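S.K.: Just passing along the structure, written as structure tokens.
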Amino acid sequence: MPRTDELRLIARVARMYYLEDMKQGDIAARLTISQATISRLLRRAREENVVRISVQTPSGTFPELEESLCRKFGMTEVVVAECSEDRESQILRRIGDAAALYLETTLQSGEIVGISSWSESLLRTVENIHPQRRLAAERVVQLHGGVGDPSVQTHATNLTRRLAELIGAQAQPLPTQGITSSKAARKVLTSDPFVRETMAYFSKITLALVGIGAVEPSKLLADSGNIFSPSELAELARLGAVGDVCLNFFDRNGKSVPSFLQERVVGIDLDQLRQAKRVVAVAGGQRKVAALLGAMRGKLIDVLVTDQFTAARLDAA
């Protein structure tokens with residue numbers, strides 16, 4: 001076939017496919033050409049620059065930044081939300097919106113979802129989720145204890161129940177405090193059959209929805225009465241801790257920081273968390289940067305939902 005005739009056919013097929021929205025099978029029938037040949041001609045259209053595909057980046061989206069972070073840290077996905085101000089309250093609102101949409105669009109039927117209950121970003125996420133009617137997760141599991149000051153208890157067990165209601169799942173709360181007074185007290189609490197039942201689900205989590213904490217606790221956690229003492233936090237910093245996930249502290253490289261404090265935590269540990277098929281972190285703000293870097297370097301999370309300012313700091317680190 002002469003070169004000009006071949007290019008004419010390539011262009012004809014490309015116009016029918018891209019401009020007239022015809023399916024390959026319909027083009028094959030119209031032109032009396034096999035569908036395999038149509039597919040080959042469409043591939044040739046790109047190779048010959050007959051068709052040039054461009055993607056216009058919508059305003060308020062950051063695909064290059066997302067792709068850069070995925071490459072740099074080996075992440076499965078990074079979602080960067082537009083934020084008008086580099087201020088924590090504004091950031092929390094926007095990443096909560098973005099995380100809710102991510103969860104709605106990626107949640108699979110039958111999933112066992114774990115949620116880290118002491119996280120303001122996750123509270124904002126759950127507030128923005130629309131009830132899911134097309135599918136149902138199997139269960140929502142509270143990943144660490146949350147009984148503290150009664151005025152903030154809703155941010156723990158009630159958050160688990162609310163998420164379960166929204167995604168059509170059964171709630172599996174962890175009915176105990178998150179931090180005990182001693183190793184012996186933890187042993188007593190974890191011997192409770194209801195606590196053991198929930199903790200048995202930790203190894204079955206398919207999607208873990210977590211916050212990333214800095215060593216210095218957030219106001220939400222501080223108000224709960226469920227935190228380590230100032231001297232204990234100072235000891236964690238001395239040991240190299242930069243942050244935590246589900247009250248498991250880690251260093252700048254994401255390695256666990258072992259200490260006697262961990263013996264008092266009732267909740268999922270890092271080994272169990274790593275068994276989850278997908279760990280989604282929702283976090284942002286200047287004070288979380290060191291913790292996020294540690295979590296990403298240590299492969300503690302697979303997906304990050306954050307804001308544009310935090311993402312830029314992570315990319316520049």
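Labels for the structure tokens follow display order: chains A, B, ..., residues from 1 in each chain, ligands from 1.
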So that I can see what lies close to Arg186 (chain A), please list as a list of chain:residue names the residues with an atom at most 10 Å from it, counting only C-alpha atoms and leaving out residues fewer than 5 positions away in the same chain.
M.R.: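 Residues near the query, excluding close chain neighbours: A:Thr176, A:Gln177, A:Gly178, A:Ile179, A:Thr180, A:Ser181, A:Ser191, A:Glu263, A:Arg264, A:Val265, A:Val266.
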S.K.: At a cut-off of 12 Å, using only C-alpha atoms, what residues contact Leu247 (chain A)? Leave out same-chain residues fewer than 2 positions from it and give the result as a VMD selection string.
M.R.: chain A and resid 116 to 119 143 to 146 178 to 179 210 to 217 221 226 to 228 233 236 241 to 245 249 to 250 256 to 258 261 to 270 273
S.K.: Would you compute the distance between CA of Gly25 (chain A) and CA of Asn49 (chain A)? Give it in Å to one decimal.
M.R.: 23.1 Å
S.K.: I need the residues in region 8-202 of chain A that are alpha helix (DSSP H) according to DSSP; give them as a PyMOL selection string.
M.R.: chain A and resi 8-14+24-31+35-47+63-73+88-106+120-128+157-166+183-189+193-199
S.K.: Find the residue from A:Gly114, A:Gly74, A:Gly96, A:Gly240 that sits nearest to Gln275 (chain A); use only C-alpha atoms when measuring.
M.R.: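 Smallest distance to Gln275 (chain A) is found for A:Gly114.
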S.K.: Just the number, please: distance in Å from CA of Thr206 (chain A) to CA of Lys255 (chain A), one decimal.
M.R.: 22.4 Å
S.K.: Show which residues sit within 12 Å of Met16 (chain A), as a ChimeraX atom specification. Count only C-alpha atoms, and ignore same-chain residues fewer than 4 positions away.
M.R.: /A:9-12,20-28,30-31,38,41-42
S.K.: As an exercise, work out the distance from CA of Asp251 (chain A) to CA of Glu67 (chain A) in Å and give it to one decimal place.
M.R.: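 One can read the CA of Asp251 (chain A) to CA of Glu67 (chain A) distance as 25.0 Å.
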S.K.: Within 12 Å of Val78 (chain A), counting only C-alpha atoms, which residues show up once you throw out same-chain ones fewer than 2 positions away? Write them as number ranges by chain, please.
M.R.: A: 61-76, 80-81, 95, 98-99, 102, 279-283, 296, 301-308, 310-311, 314-315
S.K.: Pick the closest to Phe309 (chain A) from A:Ala200, A:Ile91, A:Ala45, A:Ala290: which is it, counting only C-alpha atoms?
M.R.: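 The shortest atom-to-atom distance to Phe309 (chain A) comes from A:Ile91.
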S.K.: Which residues are near Gln272 (chain A)? Cut-off 10 Å, only C-alpha atoms, ignore same chain within fewer than 4 positions. Put them as a PyMOL selection string.
M.R.: chain A and resi 201-205+267-268+276
S.K.: Excluding same-chain residues fewer than 4 positions from Phe194 (chain A), what lies within 8 Å of it counting only C-alpha atoms, as an MDAnalysis selection string?
M.R.: chainID A and resid 174:175 198
S.K.: Generate the output file for the selected residues, C-alpha atoms, as a compact mmCIF listing (two decimals), in the first residue's frame.
M.R.:
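Okay, out.txt is ready:
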```txt
# COMPACT_ATOMS: atom_id res chain seq x y z
CA LEU A 174 -12.84 -1.85 70.69
CA PRO A 175 -14.44 -1.33 74.13
CA THR A 198 -12.21 -7.10 68.04
```
S.K.: Show me, as a PDB file with N, CA and C atoms, in the first residue's frame, the residues that have an atom within 7 Å of Gly298 (chain A) when counting only C-alpha atoms, minus same-chain residues fewer than 4 positions from it.
M.R.:
```pdb
ATOM      1  N   ASN A 253      12.957   7.177  59.609  1.00  0.00           N
ATOM      2  CA  ASN A 253      12.981   6.205  58.521  1.00  0.00           C
ATOM      3  C   ASN A 253      11.827   5.213  58.598  1.00  0.00           C
ATOM      4  N   GLY A 254      10.888   5.476  59.498  1.00  0.00           N
ATOM      5  CA  GLY A 254       9.731   4.601  59.610  1.00  0.00           C
ATOM      6  C   GLY A 254       9.973   3.339  60.411  1.00  0.00           C
ATOM      7  N   LYS A 255      11.129   3.259  61.083  1.00  0.00           N
ATOM      8  CA  LYS A 255      11.415   2.101  61.929  1.00  0.00           C
ATOM      9  C   LYS A 255      10.750   2.279  63.289  1.00  0.00           C
ATOM     10  N   GLY A 294       8.622  10.032  57.679  1.00  0.00           N
ATOM     11  CA  GLY A 294       8.991   8.768  58.294  1.00  0.00           C
ATOM     12  C   GLY A 294       8.068   7.641  57.865  1.00  0.00           C
TER      13      GLY A 294
END
```
S.K.: Would you please work out which residue, of A:Ser121, A:Ala14, A:Leu207, A:Val113, is nearest to Pro173 (chain A) when using only C-alpha atoms?
M.R.: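 For Pro173 (chain A), the nearest of the candidates is A:Val113.
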